[in-house]
>>> print(open('start-v9.cif').read())   # mmCIF, N, CA and C atoms and all ligand atoms
data_upload
#
loop_
_atom_site.label_atom_id
_atom_site.label_comp_id
_atom_site.auth_asym_id
_atom_site.auth_seq_id
_atom_site.Cartn_x
_atom_site.Cartn_y
_atom_site.Cartn_z
N MET A 1322 297.11 217.39 111.65
CA MET A 1322 297.93 217.67 110.47
C MET A 1322 298.30 219.15 110.38
N GLU A 1323 297.28 220.02 110.71
CA GLU A 1323 297.55 221.46 110.65
C GLU A 1323 298.59 221.86 111.69
N ILE A 1324 298.48 221.24 112.88
CA ILE A 1324 299.45 221.56 113.94
C ILE A 1324 300.85 221.10 113.49
N LEU A 1325 300.91 219.91 112.86
CA LEU A 1325 302.20 219.40 112.40
C LEU A 1325 302.81 220.37 111.36
N ARG A 1326 301.95 220.87 110.44
CA ARG A 1326 302.45 221.83 109.44
C ARG A 1326 302.99 223.09 110.12
N SER A 1327 302.26 223.56 111.15
CA SER A 1327 302.72 224.75 111.87
C SER A 1327 304.07 224.50 112.53
N VAL A 1328 304.26 223.29 113.06
CA VAL A 1328 305.54 222.96 113.70
C VAL A 1328 306.66 222.97 112.66
N VAL A 1329 306.36 222.43 111.46
CA VAL A 1329 307.39 222.42 110.41
C VAL A 1329 307.69 223.85 109.95
N VAL A 1330 306.66 224.72 109.86
CA VAL A 1330 306.90 226.13 109.51
C VAL A 1330 307.80 226.76 110.59
N LEU A 1331 307.52 226.44 111.86
CA LEU A 1331 308.33 226.99 112.95
C LEU A 1331 309.79 226.55 112.80
N LEU A 1332 310.00 225.26 112.50
CA LEU A 1332 311.38 224.77 112.33
C LEU A 1332 312.03 225.42 111.10
N HIS A 1333 311.21 225.69 110.08
CA HIS A 1333 311.70 226.36 108.87
C HIS A 1333 312.20 227.77 109.23
N ILE A 1334 311.46 228.45 110.09
CA ILE A 1334 311.87 229.80 110.50
C ILE A 1334 313.10 229.72 111.42
N VAL A 1335 313.17 228.66 112.24
CA VAL A 1335 314.38 228.46 113.05
C VAL A 1335 315.59 228.28 112.14
N GLY A 1336 315.40 227.56 111.04
CA GLY A 1336 316.49 227.39 110.06
C GLY A 1336 316.97 228.74 109.56
N PHE A 1337 316.02 229.63 109.25
CA PHE A 1337 316.40 230.98 108.82
C PHE A 1337 317.18 231.69 109.92
N ALA A 1338 316.70 231.57 111.17
CA ALA A 1338 317.37 232.23 112.30
C ALA A 1338 318.81 231.71 112.44
N VAL A 1339 318.99 230.39 112.26
CA VAL A 1339 320.31 229.78 112.45
C VAL A 1339 321.25 230.15 111.28
N LEU A 1340 320.66 230.50 110.15
CA LEU A 1340 321.48 230.99 109.02
C LEU A 1340 321.80 232.48 109.19
N PHE A 1341 320.77 233.26 109.44
CA PHE A 1341 320.92 234.72 109.40
C PHE A 1341 321.58 235.25 110.69
N GLY A 1342 321.24 234.63 111.84
CA GLY A 1342 321.80 235.09 113.12
C GLY A 1342 323.33 235.09 113.11
N PRO A 1343 323.95 233.96 112.81
CA PRO A 1343 325.42 233.93 112.79
C PRO A 1343 326.02 234.89 111.75
N TRP A 1344 325.27 235.12 110.66
CA TRP A 1344 325.76 236.08 109.65
C TRP A 1344 325.82 237.48 110.28
N VAL A 1345 324.77 237.86 111.03
CA VAL A 1345 324.76 239.17 111.69
C VAL A 1345 325.90 239.24 112.72
N VAL A 1346 326.11 238.14 113.46
CA VAL A 1346 327.18 238.11 114.47
C VAL A 1346 328.53 238.37 113.79
N GLU A 1347 328.78 237.68 112.66
CA GLU A 1347 330.05 237.87 111.94
C GLU A 1347 330.20 239.31 111.44
N ALA A 1348 329.08 239.88 110.95
CA ALA A 1348 329.13 241.24 110.42
C ALA A 1348 329.42 242.24 111.55
N VAL A 1349 328.70 242.07 112.67
CA VAL A 1349 328.87 243.03 113.78
C VAL A 1349 330.28 242.91 114.38
N ALA A 1350 330.80 241.66 114.44
CA ALA A 1350 332.15 241.46 114.98
C ALA A 1350 333.22 241.85 113.96
N ARG A 1351 332.79 242.20 112.76
CA ARG A 1351 333.68 242.60 111.66
C ARG A 1351 334.71 241.50 111.33
N ARG A 1352 334.24 240.23 111.44
CA ARG A 1352 335.12 239.11 111.03
C ARG A 1352 334.85 238.72 109.59
N PHE A 1353 333.59 238.88 109.18
CA PHE A 1353 333.16 238.61 107.80
C PHE A 1353 333.53 237.21 107.31
N GLN A 1354 333.36 236.23 108.20
CA GLN A 1354 333.63 234.85 107.80
C GLN A 1354 332.32 234.08 107.65
N VAL A 1355 332.31 233.08 106.77
CA VAL A 1355 331.17 232.16 106.76
C VAL A 1355 331.48 231.06 107.78
N THR A 1356 330.44 230.55 108.45
CA THR A 1356 330.68 229.57 109.51
C THR A 1356 329.84 228.31 109.30
N ARG A 1357 330.23 227.24 109.99
CA ARG A 1357 329.56 225.96 109.88
C ARG A 1357 328.09 226.08 110.32
N VAL A 1358 327.83 226.92 111.34
CA VAL A 1358 326.45 227.06 111.84
C VAL A 1358 325.52 227.54 110.72
N MET A 1359 326.03 228.41 109.85
CA MET A 1359 325.22 228.89 108.72
C MET A 1359 324.80 227.72 107.83
N ASP A 1360 325.72 226.77 107.62
CA ASP A 1360 325.39 225.56 106.83
C ASP A 1360 324.23 224.80 107.46
N TYR A 1361 324.29 224.67 108.80
CA TYR A 1361 323.23 223.92 109.49
C TYR A 1361 321.88 224.62 109.31
N GLY A 1362 321.88 225.95 109.43
CA GLY A 1362 320.63 226.70 109.26
C GLY A 1362 320.08 226.51 107.87
N LEU A 1363 320.97 226.57 106.88
CA LEU A 1363 320.53 226.41 105.49
C LEU A 1363 319.97 225.01 105.27
N LEU A 1364 320.64 224.01 105.83
CA LEU A 1364 320.17 222.63 105.68
C LEU A 1364 318.78 222.46 106.31
N LEU A 1365 318.61 223.03 107.49
CA LEU A 1365 317.30 222.94 108.16
C LEU A 1365 316.22 223.64 107.33
N SER A 1366 316.54 224.81 106.77
CA SER A 1366 315.58 225.52 105.91
C SER A 1366 315.22 224.67 104.69
N LEU A 1367 316.23 223.99 104.13
CA LEU A 1367 316.00 223.18 102.92
C LEU A 1367 315.08 222.00 103.25
N ILE A 1368 315.42 221.25 104.29
CA ILE A 1368 314.65 220.04 104.61
C ILE A 1368 313.20 220.42 104.94
N THR A 1369 313.04 221.41 105.81
CA THR A 1369 311.67 221.79 106.21
C THR A 1369 310.94 222.45 105.04
N GLY A 1370 311.67 223.24 104.23
CA GLY A 1370 311.05 223.90 103.07
C GLY A 1370 310.52 222.87 102.08
N LEU A 1371 311.32 221.82 101.83
CA LEU A 1371 310.86 220.77 100.90
C LEU A 1371 309.63 220.07 101.47
N ALA A 1372 309.62 219.84 102.78
CA ALA A 1372 308.45 219.21 103.41
C ALA A 1372 307.22 220.11 103.24
N LEU A 1373 307.42 221.41 103.38
CA LEU A 1373 306.28 222.34 103.26
C LEU A 1373 305.84 222.53 101.81
N ALA A 1374 306.73 222.22 100.86
CA ALA A 1374 306.39 222.40 99.45
C ALA A 1374 305.41 221.35 98.96
N ALA A 1375 305.20 220.29 99.75
CA ALA A 1375 304.17 219.30 99.40
C ALA A 1375 302.82 219.81 99.90
N PRO A 1376 301.76 219.61 99.11
CA PRO A 1376 300.45 220.16 99.48
C PRO A 1376 299.74 219.34 100.54
N TRP A 1377 300.10 219.51 101.77
CA TRP A 1377 299.43 218.86 102.89
C TRP A 1377 299.19 219.88 103.98
N PRO A 1378 298.10 219.80 104.74
CA PRO A 1378 296.98 218.87 104.59
C PRO A 1378 296.20 219.16 103.31
N ALA A 1379 295.34 218.20 102.88
CA ALA A 1379 294.61 218.31 101.62
C ALA A 1379 293.88 219.64 101.54
N GLY A 1380 293.87 220.23 100.32
CA GLY A 1380 293.10 221.45 100.11
C GLY A 1380 293.93 222.72 100.24
N ILE A 1381 295.17 222.60 100.71
CA ILE A 1381 296.02 223.79 100.88
C ILE A 1381 296.51 224.28 99.52
N GLU A 1382 296.56 225.61 99.35
CA GLU A 1382 297.06 226.17 98.08
C GLU A 1382 298.45 226.74 98.30
N LEU A 1383 299.37 226.37 97.42
CA LEU A 1383 300.75 226.83 97.59
C LEU A 1383 301.15 227.72 96.43
N ASN A 1384 302.03 228.68 96.72
CA ASN A 1384 302.53 229.62 95.71
C ASN A 1384 303.84 229.04 95.14
N TYR A 1385 303.70 228.21 94.08
CA TYR A 1385 304.88 227.49 93.59
C TYR A 1385 305.95 228.39 92.95
N PRO A 1386 305.57 229.47 92.25
CA PRO A 1386 306.64 230.36 91.76
C PRO A 1386 307.49 230.89 92.91
N LYS A 1387 306.83 231.29 94.00
CA LYS A 1387 307.57 231.80 95.17
C LYS A 1387 308.48 230.71 95.76
N ILE A 1388 307.94 229.51 95.88
CA ILE A 1388 308.73 228.40 96.44
C ILE A 1388 309.94 228.11 95.55
N GLY A 1389 309.71 228.14 94.22
CA GLY A 1389 310.80 227.88 93.28
C GLY A 1389 311.91 228.91 93.40
N ILE A 1390 311.50 230.18 93.51
CA ILE A 1390 312.52 231.25 93.63
C ILE A 1390 313.30 231.08 94.93
N LYS A 1391 312.59 230.72 96.01
CA LYS A 1391 313.31 230.53 97.28
C LYS A 1391 314.27 229.35 97.20
N LEU A 1392 313.87 228.31 96.45
CA LEU A 1392 314.77 227.16 96.29
C LEU A 1392 316.04 227.57 95.54
N VAL A 1393 315.85 228.38 94.48
CA VAL A 1393 317.03 228.86 93.72
C VAL A 1393 317.93 229.70 94.63
N ILE A 1394 317.30 230.60 95.40
CA ILE A 1394 318.09 231.44 96.32
C ILE A 1394 318.88 230.56 97.30
N LEU A 1395 318.18 229.53 97.82
CA LEU A 1395 318.85 228.65 98.79
C LEU A 1395 320.05 227.93 98.15
N ILE A 1396 319.88 227.50 96.89
CA ILE A 1396 320.99 226.80 96.22
C ILE A 1396 322.17 227.76 96.03
N VAL A 1397 321.87 229.02 95.67
CA VAL A 1397 322.95 230.00 95.49
C VAL A 1397 323.66 230.25 96.82
N ILE A 1398 322.88 230.40 97.90
CA ILE A 1398 323.50 230.60 99.22
C ILE A 1398 324.39 229.39 99.56
N GLY A 1399 323.89 228.18 99.27
CA GLY A 1399 324.66 226.97 99.55
C GLY A 1399 325.97 226.97 98.78
N ALA A 1400 325.92 227.39 97.52
CA ALA A 1400 327.14 227.43 96.70
C ALA A 1400 328.12 228.46 97.28
N LEU A 1401 327.60 229.61 97.69
CA LEU A 1401 328.48 230.65 98.25
C LEU A 1401 329.12 230.18 99.56
N LEU A 1402 328.30 229.51 100.41
CA LEU A 1402 328.85 229.02 101.68
C LEU A 1402 329.90 227.95 101.43
N GLY A 1403 329.63 227.07 100.46
CA GLY A 1403 330.58 226.00 100.14
C GLY A 1403 331.90 226.56 99.62
N MET A 1404 331.78 227.47 98.62
CA MET A 1404 333.00 228.07 98.06
C MET A 1404 333.73 228.89 99.11
N GLY A 1405 332.94 229.62 99.89
CA GLY A 1405 333.51 230.50 100.92
C GLY A 1405 334.29 229.73 101.96
N SER A 1406 333.71 228.64 102.47
CA SER A 1406 334.43 227.94 103.54
C SER A 1406 335.66 227.25 102.99
N ALA A 1407 335.58 226.74 101.74
CA ALA A 1407 336.77 226.11 101.14
C ALA A 1407 337.89 227.16 101.00
N ARG A 1408 337.49 228.34 100.57
CA ARG A 1408 338.47 229.40 100.38
C ARG A 1408 339.09 229.85 101.71
N GLN A 1409 338.22 229.95 102.74
CA GLN A 1409 338.73 230.33 104.07
C GLN A 1409 339.76 229.33 104.57
N LYS A 1410 339.44 228.02 104.34
CA LYS A 1410 340.38 226.98 104.81
C LYS A 1410 341.71 227.09 104.06
N ARG A 1411 341.60 227.34 102.74
CA ARG A 1411 342.80 227.38 101.91
C ARG A 1411 343.68 228.57 102.25
N THR A 1412 343.04 229.76 102.37
CA THR A 1412 343.84 230.99 102.50
C THR A 1412 344.01 231.44 103.94
N GLY A 1413 343.09 230.98 104.84
CA GLY A 1413 343.12 231.47 106.21
C GLY A 1413 342.55 232.87 106.34
N GLU A 1414 342.05 233.42 105.24
CA GLU A 1414 341.48 234.78 105.24
C GLU A 1414 339.96 234.69 105.20
N PRO A 1415 339.25 235.76 105.66
CA PRO A 1415 337.79 235.78 105.49
C PRO A 1415 337.44 235.78 104.01
N VAL A 1416 336.19 235.43 103.68
CA VAL A 1416 335.77 235.43 102.27
C VAL A 1416 335.77 236.86 101.73
N PRO A 1417 335.86 237.03 100.39
CA PRO A 1417 335.76 238.38 99.84
C PRO A 1417 334.47 239.05 100.32
N ARG A 1418 334.56 240.33 100.61
CA ARG A 1418 333.43 241.04 101.22
C ARG A 1418 332.13 240.92 100.42
N PRO A 1419 332.16 241.08 99.06
CA PRO A 1419 330.90 240.98 98.32
C PRO A 1419 330.24 239.61 98.49
N MET A 1420 331.06 238.56 98.62
CA MET A 1420 330.52 237.21 98.80
C MET A 1420 329.82 237.11 100.16
N PHE A 1421 330.46 237.65 101.17
CA PHE A 1421 329.87 237.63 102.52
C PHE A 1421 328.54 238.39 102.54
N VAL A 1422 328.55 239.58 101.94
CA VAL A 1422 327.35 240.43 101.95
C VAL A 1422 326.22 239.74 101.19
N THR A 1423 326.55 239.09 100.06
CA THR A 1423 325.52 238.43 99.25
C THR A 1423 324.80 237.34 100.04
N VAL A 1424 325.55 236.59 100.86
CA VAL A 1424 324.92 235.53 101.67
C VAL A 1424 323.81 236.14 102.55
N GLY A 1425 324.12 237.20 103.26
CA GLY A 1425 323.14 237.82 104.16
C GLY A 1425 321.98 238.44 103.41
N VAL A 1426 322.30 239.13 102.32
CA VAL A 1426 321.24 239.80 101.55
C VAL A 1426 320.28 238.76 100.97
N LEU A 1427 320.83 237.67 100.42
CA LEU A 1427 319.96 236.63 99.83
C LEU A 1427 319.10 235.96 100.90
N ALA A 1428 319.68 235.70 102.07
CA ALA A 1428 318.88 235.09 103.15
C ALA A 1428 317.74 236.04 103.53
N PHE A 1429 318.05 237.32 103.62
CA PHE A 1429 317.03 238.31 103.97
C PHE A 1429 315.96 238.39 102.88
N VAL A 1430 316.39 238.37 101.61
CA VAL A 1430 315.44 238.45 100.50
C VAL A 1430 314.51 237.24 100.51
N ALA A 1431 315.07 236.04 100.80
CA ALA A 1431 314.24 234.83 100.84
C ALA A 1431 313.17 234.96 101.92
N ALA A 1432 313.56 235.46 103.09
CA ALA A 1432 312.59 235.62 104.19
C ALA A 1432 311.56 236.69 103.82
N ALA A 1433 312.02 237.77 103.19
CA ALA A 1433 311.11 238.85 102.80
C ALA A 1433 310.09 238.33 101.78
N LEU A 1434 310.59 237.55 100.79
CA LEU A 1434 309.70 236.96 99.79
C LEU A 1434 308.64 236.09 100.47
N ALA A 1435 309.10 235.27 101.43
CA ALA A 1435 308.19 234.35 102.12
C ALA A 1435 307.06 235.10 102.81
N VAL A 1436 307.41 236.22 103.43
CA VAL A 1436 306.43 236.92 104.26
C VAL A 1436 305.59 237.91 103.44
N VAL A 1437 306.23 238.60 102.46
CA VAL A 1437 305.55 239.70 101.78
C VAL A 1437 304.73 239.25 100.58
N TRP A 1438 305.26 238.21 99.82
CA TRP A 1438 304.58 237.80 98.58
C TRP A 1438 303.36 236.96 98.90
C1 LIG B 1 317.08 230.76 102.87
C2 LIG B 1 316.00 230.21 102.40
C3 LIG B 1 314.61 230.39 102.97
C4 LIG B 1 314.10 231.29 103.88
C5 LIG B 1 314.83 232.43 104.58
C6 LIG B 1 312.70 230.99 104.05
C7 LIG B 1 311.84 231.67 104.91
C8 LIG B 1 310.52 231.35 105.13
C9 LIG B 1 309.66 231.97 106.10
C10 LIG B 1 310.09 233.10 107.05
C11 LIG B 1 308.44 231.39 106.00
C12 LIG B 1 307.18 231.69 106.83
C13 LIG B 1 306.33 232.68 106.09
C14 LIG B 1 304.91 232.70 106.55
O1 LIG B 1 304.39 231.67 107.01
O2 LIG B 1 304.30 233.77 106.40
C15 LIG B 1 308.51 230.41 104.95
C16 LIG B 1 307.46 229.63 104.52
C17 LIG B 1 307.55 228.65 103.54
N1 LIG B 1 308.71 228.23 102.90
FE1 LIG B 1 310.52 229.06 103.08
N2 LIG B 1 312.37 229.90 103.24
C18 LIG B 1 313.52 229.52 102.58
C19 LIG B 1 313.63 228.47 101.70
C20 LIG B 1 312.60 227.65 101.30
C21 LIG B 1 312.71 226.55 100.38
C22 LIG B 1 314.03 226.12 99.73
C23 LIG B 1 311.46 226.02 100.23
C24 LIG B 1 311.00 224.87 99.38
C25 LIG B 1 311.69 224.24 98.50
C26 LIG B 1 310.57 226.77 101.06
C27 LIG B 1 309.21 226.53 101.18
C28 LIG B 1 308.36 227.22 102.01
C29 LIG B 1 306.91 227.00 102.06
C30 LIG B 1 306.13 225.99 101.24
C31 LIG B 1 306.42 227.92 103.02
C32 LIG B 1 304.95 228.18 103.36
C33 LIG B 1 304.46 227.52 104.55
C34 LIG B 1 302.96 227.66 104.63
O3 LIG B 1 302.45 228.79 104.44
O4 LIG B 1 302.31 226.66 104.88
N3 LIG B 1 311.29 227.76 101.71
N4 LIG B 1 309.79 230.40 104.44
#
>>> encode(input="start-v9.cif", output="structure tokens", more="lines below")
Ligand code: HEM
Amino acid sequence: MEILRSVVVLLHIVGFAVLFGPWVVEAVARRFQVTRVMDYGLLLSLITGLALAAPWPAGIELNYPKIGIKLVILIVIGALLGMGSARQKRTGEPVPRPMFVTVGVLAFVAAALAVVW
């Protein structure tokens, strides 16, 4: 059970990588677009995060305020990605810069919360 939990944590971190990595690529390439790959990373973080939010194996203690804040952050990122990609399709332009920056900053803050708190 412990090994299974570690595997799910690993997949959870892969989800973060698949969200944050493409964001860095867009920033460095100065395209500032949200991409479909970011959605996949967020979805993987959500599914694995929800699995980890259950107290298994028995006896494990979880920091529910931290988990709740990360869930809120994830929902906000999801809303920004959804609005952003719809807008990109409609206008053909990259998302407004503050929206793009917020996606990356929130993803980073969620990871920082996970590791530091
Ligand atoms: C963009 C959003 C998120 C990011 C970047 C993120 C990042 C991380 C990282 C890097 C870890 C590993 C930390 C460590 O083991 O020291 C972690 C652990 C964890 N995450 Fe997330 N997370 C996100 C969203 C969520 C969500 C939405 C949930 C639940 C609803 C969640 C639940 C958990 C739990 C329960 C752990 C602890 C695993 C354990 O110690 O057994 N995360 N997260």
>>> residues_near_ligand(input="start-v9.cif", ligand="ligand LIG 1 (chain B)", cutoff="5 Å", atoms="only N, CA and C atoms and all ligand atoms", output="PDB file with N, CA and C atoms, in the coordinates of the input")
ATOM      1  N   PHE A1337     316.020 229.630 109.250  1.00  0.00           N
ATOM      2  CA  PHE A1337     316.400 230.980 108.820  1.00  0.00           C
ATOM      3  C   PHE A1337     317.180 231.690 109.920  1.00  0.00           C
ATOM      4  N   LEU A1367     316.230 223.990 104.130  1.00  0.00           N
ATOM      5  CA  LEU A1367     316.000 223.180 102.920  1.00  0.00           C
ATOM      6  C   LEU A1367     315.080 222.000 103.250  1.00  0.00           C
ATOM      7  N   GLY A1370     311.670 223.240 104.230  1.00  0.00           N
ATOM      8  CA  GLY A1370     311.050 223.900 103.070  1.00  0.00           C
ATOM      9  C   GLY A1370     310.520 222.870 102.080  1.00  0.00           C
ATOM     10  N   LEU A1371     311.320 221.820 101.830  1.00  0.00           N
ATOM     11  CA  LEU A1371     310.860 220.770 100.900  1.00  0.00           C
ATOM     12  C   LEU A1371     309.630 220.070 101.470  1.00  0.00           C
ATOM     13  N   LEU A1373     307.420 221.410 103.380  1.00  0.00           N
ATOM     14  CA  LEU A1373     306.280 222.340 103.260  1.00  0.00           C
ATOM     15  C   LEU A1373     305.840 222.530 101.810  1.00  0.00           C
ATOM     16  N   ALA A1374     306.730 222.220 100.860  1.00  0.00           N
ATOM     17  CA  ALA A1374     306.390 222.400  99.450  1.00  0.00           C
ATOM     18  C   ALA A1374     305.410 221.350  98.960  1.00  0.00           C
ATOM     19  N   LYS A1391     312.590 230.720  96.010  1.00  0.00           N
ATOM     20  CA  LYS A1391     313.310 230.530  97.280  1.00  0.00           C
ATOM     21  C   LYS A1391     314.270 229.350  97.200  1.00  0.00           C
ATOM     22  N   LEU A1392     313.870 228.310  96.450  1.00  0.00           N
ATOM     23  CA  LEU A1392     314.770 227.160  96.290  1.00  0.00           C
ATOM     24  C   LEU A1392     316.040 227.570  95.540  1.00  0.00           C
ATOM     25  N   LEU A1395     318.180 229.530  97.820  1.00  0.00           N
ATOM     26  CA  LEU A1395     318.850 228.650  98.790  1.00  0.00           C
ATOM     27  C   LEU A1395     320.050 227.930  98.150  1.00  0.00           C
ATOM     28  N   ALA A1428     319.680 235.700 102.070  1.00  0.00           N
ATOM     29  CA  ALA A1428     318.880 235.090 103.150  1.00  0.00           C
ATOM     30  C   ALA A1428     317.740 236.040 103.530  1.00  0.00           C
ATOM     31  N   ALA A1431     315.070 236.040 100.800  1.00  0.00           N
ATOM     32  CA  ALA A1431     314.240 234.830 100.840  1.00  0.00           C
ATOM     33  C   ALA A1431     313.170 234.960 101.920  1.00  0.00           C
ATOM     34  N   ALA A1432     313.560 235.460 103.090  1.00  0.00           N
ATOM     35  CA  ALA A1432     312.590 235.620 104.190  1.00  0.00           C
ATOM     36  C   ALA A1432     311.560 236.690 103.820  1.00  0.00           C
ATOM     37  N   ALA A1435     309.100 235.270 101.430  1.00  0.00           N
ATOM     38  CA  ALA A1435     308.190 234.350 102.120  1.00  0.00           C
ATOM     39  C   ALA A1435     307.060 235.100 102.810  1.00  0.00           C
ATOM     40  N   VAL A1436     307.410 236.220 103.430  1.00  0.00           N
ATOM     41  CA  VAL A1436     306.430 236.920 104.260  1.00  0.00           C
ATOM     42  C   VAL A1436     305.590 237.910 103.440  1.00  0.00           C
TER      43      VAL A1436
END
>>> closest_atom_pairs(input="start-v9.cif", of="region 1369-1418 of chain A", to="region 1338-1362 of chain A", cutoff="9 Å", atoms="only C-alpha atoms", output="tab-separated table")
residue	atom	partner	partner_atom	distance
A:Gly1399	CA	A:Asp1360	CA	7.5
A:Leu1402	CA	A:Val1355	CA	6.4
A:Gly1403	CA	A:Asp1360	CA	8.5
A:Gly1405	CA	A:Val1355	CA	6.5
A:Ser1406	CA	A:Val1355	CA	6.2
A:Gln1409	CA	A:Gln1354	CA	7.8
A:Glu1414	CA	A:Gln1354	CA	8.3
A:Pro1415	CA	A:Gln1354	CA	4.8
A:Val1416	CA	A:Gln1354	CA	6.0
A:Pro1417	CA	A:Phe1353	CA	8.4
A:Arg1418	CA	A:Phe1353	CA	7.0
>>> write_last_selection(input="start-v9.cif", atoms="N, CA and C atoms", output="short mmCIF file (atom, residue, chain, number, x, y, z; two decimals), in the coordinates of the input")
data_model
loop_
_atom_site.label_atom_id
_atom_site.label_comp_id
_atom_site.auth_asym_id
_atom_site.auth_seq_id
_atom_site.Cartn_x
_atom_site.Cartn_y
_atom_site.Cartn_z
N GLY A 1399 323.89 228.18 99.27
CA GLY A 1399 324.66 226.97 99.55
C GLY A 1399 325.97 226.97 98.78
N LEU A 1402 328.30 229.51 100.41
CA LEU A 1402 328.85 229.02 101.68
C LEU A 1402 329.90 227.95 101.43
N GLY A 1403 329.63 227.07 100.46
CA GLY A 1403 330.58 226.00 100.14
C GLY A 1403 331.90 226.56 99.62
N GLY A 1405 332.94 229.62 99.89
CA GLY A 1405 333.51 230.50 100.92
C GLY A 1405 334.29 229.73 101.96
N SER A 1406 333.71 228.64 102.47
CA SER A 1406 334.43 227.94 103.54
C SER A 1406 335.66 227.25 102.99
N GLN A 1409 338.22 229.95 102.74
CA GLN A 1409 338.73 230.33 104.07
C GLN A 1409 339.76 229.33 104.57
N GLU A 1414 342.05 233.42 105.24
CA GLU A 1414 341.48 234.78 105.24
C GLU A 1414 339.96 234.69 105.20
N PRO A 1415 339.25 235.76 105.66
CA PRO A 1415 337.79 235.78 105.49
C PRO A 1415 337.44 235.78 104.01
N VAL A 1416 336.19 235.43 103.68
CA VAL A 1416 335.77 235.43 102.27
C VAL A 1416 335.77 236.86 101.73
N PRO A 1417 335.86 237.03 100.39
CA PRO A 1417 335.76 238.38 99.84
C PRO A 1417 334.47 239.05 100.32
N ARG A 1418 334.56 240.33 100.61
CA ARG A 1418 333.43 241.04 101.22
C ARG A 1418 332.13 240.92 100.42
#
>>> select_by_dssp(input="start-v9.cif", residues="region 1329-1438 of chain A", states="helix (DSSP H, G or I)", output="PyMOL selection string")
chain A and resi 1329-1349+1357-1373+1385-1412+1418-1437
>>> closest_residue(input="start-v9.cif", among="A:Met1322, A:Leu1434, A:Val1335, A:Glu1382", to="Leu1363 (chain A)", atoms="all atoms listed in the file")
A:Val1335
>>> closest_residue(input="start-v9.cif", among="A:Met1404, A:Ile1398, A:Pro1419, A:Arg1326", to="Pro1376 (chain A)", atoms="only C-alpha atoms")
A:Arg1326
>>> atom_distance(input="start-v9.cif", atom1="CA of Ala1433 (chain A)", atom2="CA of Ile1324 (chain A)")
23.6 Å
